[in-house]
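Okay, so here's the structure we're looking at.
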Amino acid sequence: MEEIDINTIMFETLYKISPLRTSKVSMFSLDDIYGHPPFLRFGFYLADETELISILEKITNEFEGNLEWLIRKKPESKNCILIPIIFEEIQSEGQFYKKNFWIKQFGEDIYKKYVDFALEDIPKLAEHIKKEFPKIFR
């Protein structure tokens with residue numbers, strides 16, 4: 001699968017479940033795939049999205065990929081984030097979009113390995129979600 005397809009497949013998958021509100025449909029920069037960790041910030045256009053998010057959290061937790069992934073909704077935000085846990089566990093304090101911050105945390109080779117693993121996981125995670133919502137994707 002090409003990078004451009006990997007970049008938007010998660011948005012497309014979640015949008016089939018329910019329309020999304022998000023400012024970006026991409027999970028990473030096509031100009032520099034290592035520019036920042038892959039993630040998708042999103043919310044659903046639902047009056048109460050609690051149950052749907054809970055289902056997606058469970059599905060994401062059950063996914064067996066190169067990395068562990070999570071969907072988290074922070075109390076101070078209307079949006080959720082889908083991200084590899086390894087990048088959520090480190091307090092980036094405004095440095096999230098700075099590649100050098102991540103290289104300093106992990107070393108360049110390990111950071112790039114985590115990003116490569118994430119890019120490999122994204123289409124598989126999208127397929128995993130599709131399998132858990134068979135009525136929508138049939």
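We name chains A, B, ... following the order of the structure tokens; residues begin at 1 in each chain, and ligands are numbered from 1 as shown.
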
Which residues of segment 24-95 of chain A sit at most 9 Å from segment 111-127 of chain A, using only C-alpha atoms? Give each one's shortest atom pair and distance in Å (one decimal place), in chain and ascending residue order, as JSON lines.
```
{"residue": "A:Ile33", "atom": "CA", "partner": "A:Val115", "partner_atom": "CA", "distance": 7.8}
{"residue": "A:Tyr34", "atom": "CA", "partner": "A:Lys112", "partner_atom": "CA", "distance": 6.5}
{"residue": "A:His36", "atom": "CA", "partner": "A:Val115", "partner_atom": "CA", "distance": 8.5}
{"residue": "A:Pro37", "atom": "CA", "partner": "A:Val115", "partner_atom": "CA", "distance": 6.3}
{"residue": "A:Pro38", "atom": "CA", "partner": "A:Val115", "partner_atom": "CA", "distance": 6.9}
{"residue": "A:Thr60", "atom": "CA", "partner": "A:Leu125", "partner_atom": "CA", "distance": 7.5}
{"residue": "A:Phe63", "atom": "CA", "partner": "A:Leu125", "partner_atom": "CA", "distance": 6.6}
{"residue": "A:Glu64", "atom": "CA", "partner": "A:Leu125", "partner_atom": "CA", "distance": 8.4}
{"residue": "A:Gly65", "atom": "CA", "partner": "A:Asp121", "partner_atom": "CA", "distance": 5.8}
{"residue": "A:Asn66", "atom": "CA", "partner": "A:Phe117", "partner_atom": "CA", "distance": 5.6}
{"residue": "A:Leu67", "atom": "CA", "partner": "A:Ala118", "partner_atom": "CA", "distance": 6.6}
{"residue": "A:Trp69", "atom": "CA", "partner": "A:Leu125", "partner_atom": "CA", "distance": 8.9}
{"residue": "A:Ile83", "atom": "CA", "partner": "A:Ala118", "partner_atom": "CA", "distance": 8.8}
{"residue": "A:Pro84", "atom": "CA", "partner": "A:Ala118", "partner_atom": "CA", "distance": 7.0}
{"residue": "A:Ile86", "atom": "CA", "partner": "A:Tyr114", "partner_atom": "CA", "distance": 8.4}
```

- Message: Need to verify the contact set: Thr50 of chain A, 12 Å, only C-alpha atoms, exclusion of same-chain residues closer than 4 positions in sequence. Can you return it as an MDAnalysis selection string?
- Response: chainID A and resid 43:46 54:57 72:73 78:80

- Query: Nearest to Ser23 of chain A among A:Ile4, A:Ile103, A:Leu40, A:Met10, with distances taken over only C-alpha atoms: which residue is it?
  - Reply: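 With only C-alpha atoms as the atom set, the closest residue is A:Leu40.
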
- Message: If DSSP is run on the backbone, what residues of chain A are alpha helix (DSSP H)? A reply as a PyMOL selection string would be ideal.
- Response: chain A and resi 3-17+50-62+85-88+99-106+108-132

Neighbours of Phe101 of chain A within 12 Å (only C-alpha atoms; same-chain residues fewer than 5 positions away dropped), as a PDB file with all heavy atoms, in the first residue's frame?
```pdb
ATOM      1  N   TYR A  34       8.806  10.887   8.995  1.00  0.00           N
ATOM      2  CA  TYR A  34       9.376  10.875  10.340  1.00  0.00           C
ATOM      3  C   TYR A  34       9.254  12.231  11.038  1.00  0.00           C
ATOM      4  O   TYR A  34       9.783  12.414  12.133  1.00  0.00           O
ATOM      5  CB  TYR A  34      10.847  10.450  10.289  1.00  0.00           C
ATOM      6  CG  TYR A  34      11.039   9.099   9.652  1.00  0.00           C
ATOM      7  CD1 TYR A  34      11.606   8.976   8.386  1.00  0.00           C
ATOM      8  CD2 TYR A  34      10.627   7.938  10.302  1.00  0.00           C
ATOM      9  CE1 TYR A  34      11.770   7.739   7.792  1.00  0.00           C
ATOM     10  CE2 TYR A  34      10.787   6.693   9.706  1.00  0.00           C
ATOM     11  CZ  TYR A  34      11.354   6.609   8.455  1.00  0.00           C
ATOM     12  OH  TYR A  34      11.503   5.376   7.859  1.00  0.00           O
ATOM     13  N   GLY A  35       8.550  13.158  10.425  1.00  0.00           N
ATOM     14  CA  GLY A  35       8.436  14.510  10.966  1.00  0.00           C
ATOM     15  C   GLY A  35       7.808  14.562  12.345  1.00  0.00           C
ATOM     16  O   GLY A  35       8.158  15.397  13.171  1.00  0.00           O
ATOM     17  N   HIS A  36       6.874  13.676  12.618  1.00  0.00           N
ATOM     18  CA  HIS A  36       6.246  13.533  13.928  1.00  0.00           C
ATOM     19  C   HIS A  36       5.611  12.147  13.980  1.00  0.00           C
ATOM     20  O   HIS A  36       5.395  11.522  12.941  1.00  0.00           O
ATOM     21  CB  HIS A  36       5.209  14.636  14.199  1.00  0.00           C
ATOM     22  CG  HIS A  36       4.062  14.644  13.240  1.00  0.00           C
ATOM     23  ND1 HIS A  36       3.028  13.729  13.290  1.00  0.00           N
ATOM     24  CD2 HIS A  36       3.786  15.448  12.198  1.00  0.00           C
ATOM     25  CE1 HIS A  36       2.160  13.990  12.319  1.00  0.00           C
ATOM     26  NE2 HIS A  36       2.607  15.024  11.634  1.00  0.00           N
ATOM     27  N   PRO A  37       5.317  11.663  15.167  1.00  0.00           N
ATOM     28  CA  PRO A  37       4.691  10.342  15.262  1.00  0.00           C
ATOM     29  C   PRO A  37       3.334  10.316  14.550  1.00  0.00           C
ATOM     30  O   PRO A  37       2.591  11.303  14.577  1.00  0.00           O
ATOM     31  CB  PRO A  37       4.493  10.156  16.772  1.00  0.00           C
ATOM     32  CG  PRO A  37       5.519  11.040  17.396  1.00  0.00           C
ATOM     33  CD  PRO A  37       5.627  12.227  16.478  1.00  0.00           C
ATOM     34  N   PHE A  87       4.192   6.683  21.958  1.00  0.00           N
ATOM     35  CA  PHE A  87       4.305   8.140  21.785  1.00  0.00           C
ATOM     36  C   PHE A  87       3.388   8.909  22.730  1.00  0.00           C
ATOM     37  O   PHE A  87       3.600  10.086  22.968  1.00  0.00           O
ATOM     38  CB  PHE A  87       4.007   8.529  20.340  1.00  0.00           C
ATOM     39  CG  PHE A  87       4.995   7.965  19.361  1.00  0.00           C
ATOM     40  CD1 PHE A  87       4.605   7.055  18.402  1.00  0.00           C
ATOM     41  CD2 PHE A  87       6.326   8.330  19.416  1.00  0.00           C
ATOM     42  CE1 PHE A  87       5.520   6.518  17.496  1.00  0.00           C
ATOM     43  CE2 PHE A  87       7.258   7.805  18.520  1.00  0.00           C
ATOM     44  CZ  PHE A  87       6.846   6.897  17.563  1.00  0.00           C
ATOM     45  N   ILE A  90       5.037   9.396  26.631  1.00  0.00           N
ATOM     46  CA  ILE A  90       6.097  10.384  26.881  1.00  0.00           C
ATOM     47  C   ILE A  90       5.500  11.784  26.839  1.00  0.00           C
ATOM     48  O   ILE A  90       4.835  12.155  25.885  1.00  0.00           O
ATOM     49  CB  ILE A  90       7.230  10.239  25.833  1.00  0.00           C
ATOM     50  CG1 ILE A  90       7.887   8.878  25.995  1.00  0.00           C
ATOM     51  CG2 ILE A  90       8.230  11.370  25.947  1.00  0.00           C
ATOM     52  CD1 ILE A  90       8.905   8.550  24.938  1.00  0.00           C
ATOM     53  N   GLN A  91       5.730  12.532  27.880  1.00  0.00           N
ATOM     54  CA  GLN A  91       5.246  13.905  27.936  1.00  0.00           C
ATOM     55  C   GLN A  91       6.066  14.765  26.977  1.00  0.00           C
ATOM     56  O   GLN A  91       7.250  15.004  27.214  1.00  0.00           O
ATOM     57  CB  GLN A  91       5.356  14.447  29.367  1.00  0.00           C
ATOM     58  CG  GLN A  91       4.508  13.703  30.365  1.00  0.00           C
ATOM     59  CD  GLN A  91       3.039  13.809  30.042  1.00  0.00           C
ATOM     60  OE1 GLN A  91       2.528  14.878  29.709  1.00  0.00           O
ATOM     61  NE2 GLN A  91       2.331  12.695  30.121  1.00  0.00           N
ATOM     62  N   SER A  92       5.429  15.185  25.905  1.00  0.00           N
ATOM     63  CA  SER A  92       6.169  15.946  24.890  1.00  0.00           C
ATOM     64  C   SER A  92       6.136  17.452  25.126  1.00  0.00           C
ATOM     65  O   SER A  92       6.904  18.185  24.519  1.00  0.00           O
ATOM     66  CB  SER A  92       5.646  15.611  23.490  1.00  0.00           C
ATOM     67  OG  SER A  92       4.279  15.906  23.388  1.00  0.00           O
ATOM     68  N   GLU A  93       5.243  17.913  25.980  1.00  0.00           N
ATOM     69  CA  GLU A  93       5.204  19.319  26.407  1.00  0.00           C
ATOM     70  C   GLU A  93       5.423  20.306  25.265  1.00  0.00           C
ATOM     71  O   GLU A  93       6.370  21.083  25.253  1.00  0.00           O
ATOM     72  CB  GLU A  93       6.216  19.549  27.529  1.00  0.00           C
ATOM     73  CG  GLU A  93       5.939  18.696  28.732  1.00  0.00           C
ATOM     74  CD  GLU A  93       7.012  18.782  29.803  1.00  0.00           C
ATOM     75  OE1 GLU A  93       7.866  19.696  29.736  1.00  0.00           O
ATOM     76  OE2 GLU A  93       6.998  17.930  30.685  1.00  0.00           O
ATOM     77  N   GLY A  94       4.576  20.230  24.263  1.00  0.00           N
ATOM     78  CA  GLY A  94       4.655  21.157  23.142  1.00  0.00           C
ATOM     79  C   GLY A  94       5.702  20.790  22.102  1.00  0.00           C
ATOM     80  O   GLY A  94       5.909  21.524  21.154  1.00  0.00           O
ATOM     81  N   GLN A  95       6.357  19.670  22.268  1.00  0.00           N
ATOM     82  CA  GLN A  95       7.414  19.245  21.350  1.00  0.00           C
ATOM     83  C   GLN A  95       6.954  18.139  20.399  1.00  0.00           C
ATOM     84  O   GLN A  95       7.754  17.619  19.626  1.00  0.00           O
ATOM     85  CB  GLN A  95       8.620  18.728  22.151  1.00  0.00           C
ATOM     86  CG  GLN A  95       9.180  19.719  23.129  1.00  0.00           C
ATOM     87  CD  GLN A  95       9.809  20.912  22.435  1.00  0.00           C
ATOM     88  OE1 GLN A  95      10.667  20.757  21.584  1.00  0.00           O
ATOM     89  NE2 GLN A  95       9.361  22.098  22.780  1.00  0.00           N
ATOM     90  N   PHE A  96       5.682  17.765  20.455  1.00  0.00           N
ATOM     91  CA  PHE A  96       5.187  16.607  19.720  1.00  0.00           C
ATOM     92  C   PHE A  96       5.542  16.640  18.235  1.00  0.00           C
ATOM     93  O   PHE A  96       5.895  15.635  17.647  1.00  0.00           O
ATOM     94  CB  PHE A  96       3.666  16.487  19.882  1.00  0.00           C
ATOM     95  CG  PHE A  96       3.105  15.250  19.235  1.00  0.00           C
ATOM     96  CD1 PHE A  96       3.107  14.045  19.901  1.00  0.00           C
ATOM     97  CD2 PHE A  96       2.589  15.300  17.949  1.00  0.00           C
ATOM     98  CE1 PHE A  96       2.618  12.895  19.304  1.00  0.00           C
ATOM     99  CE2 PHE A  96       2.093  14.155  17.339  1.00  0.00           C
ATOM    100  CZ  PHE A  96       2.104  12.955  18.026  1.00  0.00           C
ATOM    101  N   PHE A 106      14.491   8.610  21.891  1.00  0.00           N
ATOM    102  CA  PHE A 106      14.700   7.204  21.534  1.00  0.00           C
ATOM    103  C   PHE A 106      16.020   6.926  20.829  1.00  0.00           C
ATOM    104  O   PHE A 106      16.429   5.776  20.738  1.00  0.00           O
ATOM    105  CB  PHE A 106      13.589   6.730  20.584  1.00  0.00           C
ATOM    106  CG  PHE A 106      12.212   6.810  21.151  1.00  0.00           C
ATOM    107  CD1 PHE A 106      11.261   7.647  20.583  1.00  0.00           C
ATOM    108  CD2 PHE A 106      11.833   6.041  22.231  1.00  0.00           C
ATOM    109  CE1 PHE A 106       9.973   7.715  21.078  1.00  0.00           C
ATOM    110  CE2 PHE A 106      10.551   6.105  22.741  1.00  0.00           C
ATOM    111  CZ  PHE A 106       9.619   6.939  22.174  1.00  0.00           C
ATOM    112  N   GLY A 107      16.614   7.932  20.250  1.00  0.00           N
ATOM    113  CA  GLY A 107      17.710   7.734  19.294  1.00  0.00           C
ATOM    114  C   GLY A 107      17.077   7.655  17.911  1.00  0.00           C
ATOM    115  O   GLY A 107      15.921   7.232  17.758  1.00  0.00           O
ATOM    116  N   GLU A 108      17.808   8.070  16.890  1.00  0.00           N
ATOM    117  CA  GLU A 108      17.226   8.170  15.550  1.00  0.00           C
ATOM    118  C   GLU A 108      16.762   6.818  14.997  1.00  0.00           C
ATOM    119  O   GLU A 108      15.665   6.715  14.451  1.00  0.00           O
ATOM    120  CB  GLU A 108      18.222   8.814  14.582  1.00  0.00           C
ATOM    121  CG  GLU A 108      17.608   9.083  13.214  1.00  0.00           C
ATOM    122  CD  GLU A 108      18.476   9.965  12.343  1.00  0.00           C
ATOM    123  OE1 GLU A 108      19.621  10.269  12.727  1.00  0.00           O
ATOM    124  OE2 GLU A 108      17.994  10.349  11.260  1.00  0.00           O
ATOM    125  N   TYR A 111      13.575   5.614  16.899  1.00  0.00           N
ATOM    126  CA  TYR A 111      12.432   6.461  16.537  1.00  0.00           C
ATOM    127  C   TYR A 111      11.914   6.099  15.152  1.00  0.00           C
ATOM    128  O   TYR A 111      10.713   5.876  14.961  1.00  0.00           O
ATOM    129  CB  TYR A 111      12.815   7.944  16.589  1.00  0.00           C
ATOM    130  CG  TYR A 111      11.753   8.837  16.003  1.00  0.00           C
ATOM    131  CD1 TYR A 111      10.498   8.928  16.600  1.00  0.00           C
ATOM    132  CD2 TYR A 111      11.981   9.561  14.841  1.00  0.00           C
ATOM    133  CE1 TYR A 111       9.503   9.728  16.051  1.00  0.00           C
ATOM    134  CE2 TYR A 111      11.002  10.369  14.295  1.00  0.00           C
ATOM    135  CZ  TYR A 111       9.767  10.446  14.904  1.00  0.00           C
ATOM    136  OH  TYR A 111       8.780  11.226  14.351  1.00  0.00           O
TER     137      TYR A 111
END
```

- Can you tell me how far atom CA of Phe42 of chain A sits from atom CA of Pro75 of chain A, in Å to one decimal? 14.1 Å

- Query: With distances taken over only C-alpha atoms, which of A:Ile53, A:Glu68, A:Glu88, A:Asp32 is nearest to Ile17 of chain A?
  - Reply: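 Distance minimum relative to Ile17 of chain A lands on A:Ile53.
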
- Item | Residue contacts of Ile59 of chain A (8 Å, only C-alpha atoms) excluding same-chain residues fewer than 6 positions away, as a ChimeraX atom specification | /A:128-129,132

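Between atom CA of Phe39 of chain A and atom CA of Thr22 of chain A the separation is 12.1 Å.
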